[in-house]
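This report concerns only the one structure given below.
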Amino acid sequence: MNLENSQDYYGKVLGGSADLRTDACCTFEMPSDAVARALKNVHEEVKARYYGCGLVVPQALESCRVLDLGSGSGQDAYLLAQLVGPNGHVTGVDATPEQLAVAREYQGWHAEQFGFANVEFVEGDIEKLGELGLEEGSFDVIVSNCVINLVADKEAVFRAAHRLLKPGGELYFSDVYADRRVPEHLLSDPVLHGECLSGALYWGDFDRLAKAAGFADPRLVTDRPLGINDREVKAKLDGINFVSATYRLFKLDGLEPQCEDYGQAVRYKGTLEGHPRVLELDAHHAIEAGRTFPICGNSWLMLAETRFAEHFEFIGDFSKHYGVFPGCGTDAPFGQSASENTSAGTACC
């Protein structure tokens with residue numbers, strides 16, 4: 001039911017983003033100057049069929065190979081294509097023919113606009129990525145924007161993403177989460193499903209599935225509570241709260257279940273384009289340039305064994321263990337912001 005309803009809802013029921021009945025599939029984040037400039041180069045027809053719930057634009061994308069799961073009409077793919085540049089590549093995967101038709105119609109237009117062609121679109125179900133001929137271990141970054149909630153077998157998506165990533169690569173995605181499990185009788189409601197609500201994972205289930213797929217330490221980047229303005233939809237979901245959240249999941253050997261303290265620290269060089277003062281790794285780590293910033297062993301690996309390494313100086317090693325970082329617990333992760341956590345002495349968790 002999930003795939004068929006998604007194809008019908010996004011291909012036939014919705015004519016554009018104005019037809020949505022909630023703000024679950026809308027983006028409210030303010031884009032950076034670079035992203036805002038890139039969005040101006042995306043065709044208006046492509047932008048009119050956009051249903052994302054966040055900005056899936058991680059840092060340091062130049063020359064990366066990117067896979068966009070549920071690429072829709074192509075807005076994120078064409079945005080990322082500019083950021084990876086002529087030496088990078090973006091592959092979009094989507095199962096809705098009407099959305100793919102829009103994305104493909106403007107491939108030539110965007111190539112002319114950018115001065116290079118580095119985008120392709122593949123029709124397929126993201127629950128069955130293994131059937132699409134994508135090379136395992138070939139992508140630096142995988143993104144997804146408010147799509148994983150629409151599929152039934154979410155674990156299959158996470159496991160496939162882990163296989164497709166290079167070592168040190170990451171799954172960086174925005175989606176909708178619930179503060180409790182959505183009741184069984186609501187899962188098949190076509191409007192609730194199409195509005196990205198009935199398929200939303202309880203955040204604890206997401207944490208479990210991500211770790212089972214090999215992503216040992218999921219990191220929350222941003223989150224916001226969702227507004228449900230439609231009276232009928234709100235009544236059906238009474239008592240359940242939803243958030244739109246962006247996570248980054250690194251494919252790294254050696255990540256531990258908790259944030260362990262080895263007395264390590266980093267200094268950010270301020271060399272990432274667009275981030276001269278602060279690099280925000282996640283909601284707990286706003287790392288100011290030039291300051292010694294204590295981090296746990298997992299955060300160390302996320303910086304030292306990924307595309308971020310050249311932008312940091314590293315202090316310490318794993319030779320002595322000092323225990324777990326204070327506050328590394330299991331409470332709901334939402335409602336925090338890295339921008340409010342910029343002091344050099346900020347704990348890792």
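Just remember, in the structure tokens the first chain shown is A, the second B, etc., residues are 1-based per chain, and ligands are 1-based in the order shown.
Those residues that approach Gly124 of chain A to within 7 Å, counting only C-alpha atoms, are A:Val93, A:Asp94, A:Ala95, A:Leu132; same-chain residues fewer than 6 positions away are not listed.
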Write a file of the selected residues as a compact mmCIF listing (two decimals), in the first residue's frame, keeping N, CA, C and O atoms.
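Everything below was put into selection-v7.txt:
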```
# COMPACT_ATOMS: atom_id res chain seq x y z
N VAL A 93 17.00 8.91 -7.15
CA VAL A 93 16.15 7.73 -7.27
C VAL A 93 14.74 8.09 -6.82
O VAL A 93 14.55 8.66 -5.73
N ASP A 94 13.74 7.77 -7.65
CA ASP A 94 12.35 8.04 -7.27
C ASP A 94 11.43 7.03 -7.93
O ASP A 94 11.76 6.50 -9.00
N ALA A 95 10.27 6.78 -7.29
CA ALA A 95 9.35 5.77 -7.79
C ALA A 95 8.09 6.37 -8.41
O ALA A 95 7.20 5.64 -8.83
N LEU A 132 18.70 -1.87 -8.34
CA LEU A 132 18.80 -0.74 -9.26
C LEU A 132 20.16 -0.62 -9.94
O LEU A 132 20.41 0.34 -10.66
```
Which residues, written as an MDAnalysis selection string, have at least one atom at most 12 Å from Ala309 of chain A, with only C-alpha atoms counted and residues fewer than 6 positions away on the same chain left out?
chainID A and resid 60 168 266:269 271:272 299:303
Give me, as a PyMOL selection string, the residues of segment 173-262 of chain A that a backbone DSSP run labels strand (DSSP E or B).
chain A and resi 173-178+201-202+219-225+242-250+260
Convert the current residue selection to file output with C-alpha atoms, as a CSV table (one decimal), in the first residue's frame.
```
chain,number,residue,atom,x,y,z
A,173,PHE,CA,18.6,13.1,5.8
A,174,SER,CA,15.6,15.0,7.0
A,175,ASP,CA,12.4,13.2,8.0
A,176,VAL,CA,9.4,13.1,10.3
A,177,TYR,CA,9.4,11.5,13.7
A,178,ALA,CA,6.8,10.8,16.4
A,201,LEU,CA,9.0,6.5,13.1
A,202,TYR,CA,9.0,6.7,16.9
A,219,ARG,CA,23.6,12.4,15.3
A,220,LEU,CA,20.7,14.9,15.4
A,221,VAL,CA,21.6,18.0,13.4
A,222,THR,CA,18.4,20.1,13.6
A,223,ASP,CA,14.7,19.7,14.6
A,224,ARG,CA,11.5,21.6,14.7
A,225,PRO,CA,7.9,20.7,15.9
A,242,PHE,CA,5.6,15.1,15.5
A,243,VAL,CA,8.9,16.7,14.7
A,244,SER,CA,10.8,17.3,11.5
A,245,ALA,CA,14.5,16.4,12.2
A,246,THR,CA,17.7,16.1,10.2
A,247,TYR,CA,20.2,13.4,11.2
A,248,ARG,CA,23.6,12.4,10.0
A,249,LEU,CA,24.7,8.8,10.2
A,250,PHE,CA,28.4,8.0,9.5
A,260,GLU,CA,33.3,7.7,25.5
```
All alpha helix (DSSP H) residues (DSSP, backbone) inside segment 144-207 of chain A, as JSON, numbers by chain
{"A": [154, 155, 156, 157, 158, 159, 160, 161, 162, 163, 164, 190, 191, 192, 193, 194, 203, 204, 205, 206, 207]}
Could you give me, as a PDB file with all heavy atoms, in the first residue's frame, the residues within 7 Å of Glu288 of chain A, counting only C-alpha atoms and dropping anything in the same chain fewer than 5 positions from it?
```pdb
ATOM      1  N   TYR A 268      39.312  23.525  14.921  1.00  0.00           N
ATOM      2  CA  TYR A 268      38.828  23.748  13.566  1.00  0.00           C
ATOM      3  C   TYR A 268      39.629  24.877  12.919  1.00  0.00           C
ATOM      4  O   TYR A 268      39.807  25.940  13.509  1.00  0.00           O
ATOM      5  CB  TYR A 268      37.336  24.089  13.598  1.00  0.00           C
ATOM      6  CG  TYR A 268      36.746  24.507  12.283  1.00  0.00           C
ATOM      7  CD1 TYR A 268      37.017  23.807  11.103  1.00  0.00           C
ATOM      8  CD2 TYR A 268      35.905  25.621  12.208  1.00  0.00           C
ATOM      9  CE1 TYR A 268      36.465  24.206   9.893  1.00  0.00           C
ATOM     10  CE2 TYR A 268      35.348  26.018  11.005  1.00  0.00           C
ATOM     11  CZ  TYR A 268      35.638  25.306   9.854  1.00  0.00           C
ATOM     12  OH  TYR A 268      35.095  25.711   8.654  1.00  0.00           O
ATOM     13  N   ARG A 277      33.719  30.635  10.534  1.00  0.00           N
ATOM     14  CA  ARG A 277      33.747  30.874  11.981  1.00  0.00           C
ATOM     15  C   ARG A 277      33.389  29.647  12.797  1.00  0.00           C
ATOM     16  O   ARG A 277      34.028  29.359  13.813  1.00  0.00           O
ATOM     17  CB  ARG A 277      32.784  32.018  12.348  1.00  0.00           C
ATOM     18  CG  ARG A 277      32.949  32.511  13.779  1.00  0.00           C
ATOM     19  CD  ARG A 277      31.960  33.606  14.115  1.00  0.00           C
ATOM     20  NE  ARG A 277      30.596  33.118  14.177  1.00  0.00           N
ATOM     21  CZ  ARG A 277      30.047  32.519  15.234  1.00  0.00           C
ATOM     22  NH1 ARG A 277      30.768  32.327  16.329  1.00  0.00           N
ATOM     23  NH2 ARG A 277      28.795  32.135  15.220  1.00  0.00           N
ATOM     24  N   VAL A 278      32.368  28.916  12.369  1.00  0.00           N
ATOM     25  CA  VAL A 278      31.870  27.770  13.143  1.00  0.00           C
ATOM     26  C   VAL A 278      31.517  26.636  12.188  1.00  0.00           C
ATOM     27  O   VAL A 278      30.898  26.861  11.151  1.00  0.00           O
ATOM     28  CB  VAL A 278      30.607  28.142  13.958  1.00  0.00           C
ATOM     29  CG1 VAL A 278      30.054  26.915  14.693  1.00  0.00           C
ATOM     30  CG2 VAL A 278      30.904  29.253  14.947  1.00  0.00           C
ATOM     31  N   LEU A 279      31.893  25.424  12.569  1.00  0.00           N
ATOM     32  CA  LEU A 279      31.403  24.242  11.878  1.00  0.00           C
ATOM     33  C   LEU A 279      30.482  23.489  12.828  1.00  0.00           C
ATOM     34  O   LEU A 279      30.887  23.112  13.927  1.00  0.00           O
ATOM     35  CB  LEU A 279      32.533  23.326  11.425  1.00  0.00           C
ATOM     36  CG  LEU A 279      32.036  22.131  10.580  1.00  0.00           C
ATOM     37  CD1 LEU A 279      32.931  21.887   9.392  1.00  0.00           C
ATOM     38  CD2 LEU A 279      31.925  20.870  11.438  1.00  0.00           C
ATOM     39  N   THR A 342      27.931  27.110  21.749  1.00  0.00           N
ATOM     40  CA  THR A 342      29.157  27.474  21.035  1.00  0.00           C
ATOM     41  C   THR A 342      30.368  27.633  21.936  1.00  0.00           C
ATOM     42  O   THR A 342      31.447  27.929  21.449  1.00  0.00           O
ATOM     43  CB  THR A 342      28.944  28.798  20.265  1.00  0.00           C
ATOM     44  OG1 THR A 342      28.541  29.808  21.192  1.00  0.00           O
ATOM     45  CG2 THR A 342      27.851  28.622  19.220  1.00  0.00           C
TER      46      THR A 342
END
```
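Close contacts of Cys64 of chain A, defined as residues with an atom at most 10 Å away when counting only C-alpha atoms, with chain neighbours fewer than 2 positions off set aside, comprise Ala60, Leu61, Glu62, Val66, Leu67, Leu80, Ala81, Leu83, Val84, Gly85, Pro86, Asn87, Gly88, His89, Val90, Phe139, Asp140, Val141, Gly169 and Arg307 of chain A.
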Any chance you can output those residues with C-alpha atoms as a PDB file, in the first residue's frame?
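Okay, this is what ended up in out29.pdb:
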```
ATOM      1  CA  ALA A  60      32.216  19.801   2.346  1.00  0.00           C
ATOM      2  CA  LEU A  61      30.450  18.445  -0.741  1.00  0.00           C
ATOM      3  CA  GLU A  62      32.915  19.474  -3.435  1.00  0.00           C
ATOM      4  CA  VAL A  66      25.857  11.872  -3.932  1.00  0.00           C
ATOM      5  CA  LEU A  67      22.785   9.633  -3.991  1.00  0.00           C
ATOM      6  CA  LEU A  80      23.507  19.493  -4.723  1.00  0.00           C
ATOM      7  CA  ALA A  81      24.815  19.179  -8.282  1.00  0.00           C
ATOM      8  CA  LEU A  83      27.719  22.198  -4.710  1.00  0.00           C
ATOM      9  CA  VAL A  84      29.573  19.018  -5.730  1.00  0.00           C
ATOM     10  CA  GLY A  85      30.717  20.787  -8.909  1.00  0.00           C
ATOM     11  CA  PRO A  86      31.821  19.396 -12.274  1.00  0.00           C
ATOM     12  CA  ASN A  87      34.023  16.741 -10.654  1.00  0.00           C
ATOM     13  CA  GLY A  88      31.161  15.408  -8.525  1.00  0.00           C
ATOM     14  CA  HIS A  89      27.995  13.563  -9.459  1.00  0.00           C
ATOM     15  CA  VAL A  90      24.406  13.294  -8.200  1.00  0.00           C
ATOM     16  CA  PHE A 139      28.870   7.090  -2.688  1.00  0.00           C
ATOM     17  CA  ASP A 140      30.405   9.722  -0.407  1.00  0.00           C
ATOM     18  CA  VAL A 141      27.038  11.069   0.761  1.00  0.00           C
ATOM     19  CA  GLY A 169      30.651   8.329   4.047  1.00  0.00           C
ATOM     20  CA  ARG A 307      36.171  14.212   4.338  1.00  0.00           C
TER      21      ARG A 307
END
```
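When only C-alpha atoms are used to compute distances to Ser32 of chain A, the closest of the residues A:Leu255, A:Asp68, A:His110, A:Gly274 turns out to be A:Gly274.
Taking atom CA of Asn145 of chain A and atom CA of Ala38 of chain A as endpoints, the distance between them is 17.4 Å.
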Which residue out of A:Glu45, A:Ala160, A:Leu69, A:Leu226 has the minimum interatomic distance to Tyr172 of chain A when only C-alpha atoms are used?
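Looking only at the distances to Tyr172 of chain A, the closest residue turns out to be A:Leu69.
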In Å, how far is it from atom CA of Leu192 of chain A to atom CA of Phe158 of chain A?
22.8 Å
For atom CA of His185 of chain A and atom CA of Asp205 of chain A, quote the distance in Å rounded to one decimal.
18.4 Å
For a quick check of understanding, using only C-alpha atoms, which of A:Gly74, A:Pro183, A:Gly297, A:Gly137 has the smallest distance to Gly239 of chain A?
A:Pro183
For each of A:Glu280, A:Asp261, A:Glu273, A:Glu123, take the minimum atom-to-atom distance to Pro294 of chain A, counting only C-alpha atoms, then give the residue where this is smallest.
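Of the candidates, the smallest distance to Pro294 of chain A is held by A:Asp261.
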Select, from A:Asn241, A:Gln113, A:Ser188, A:Asn118, the residue with the minimum atom-to-atom distance to Leu150 of chain A, counting only C-alpha atoms.
A:Ser188
Considering only C-alpha atoms, can you say which of A:Leu79, A:Ile287, A:Leu171, A:Val57 comes closest to Leu39 of chain A?
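Among A:Leu79, A:Ile287, A:Leu171, A:Val57, it is A:Leu79 that comes nearest to Leu39 of chain A.
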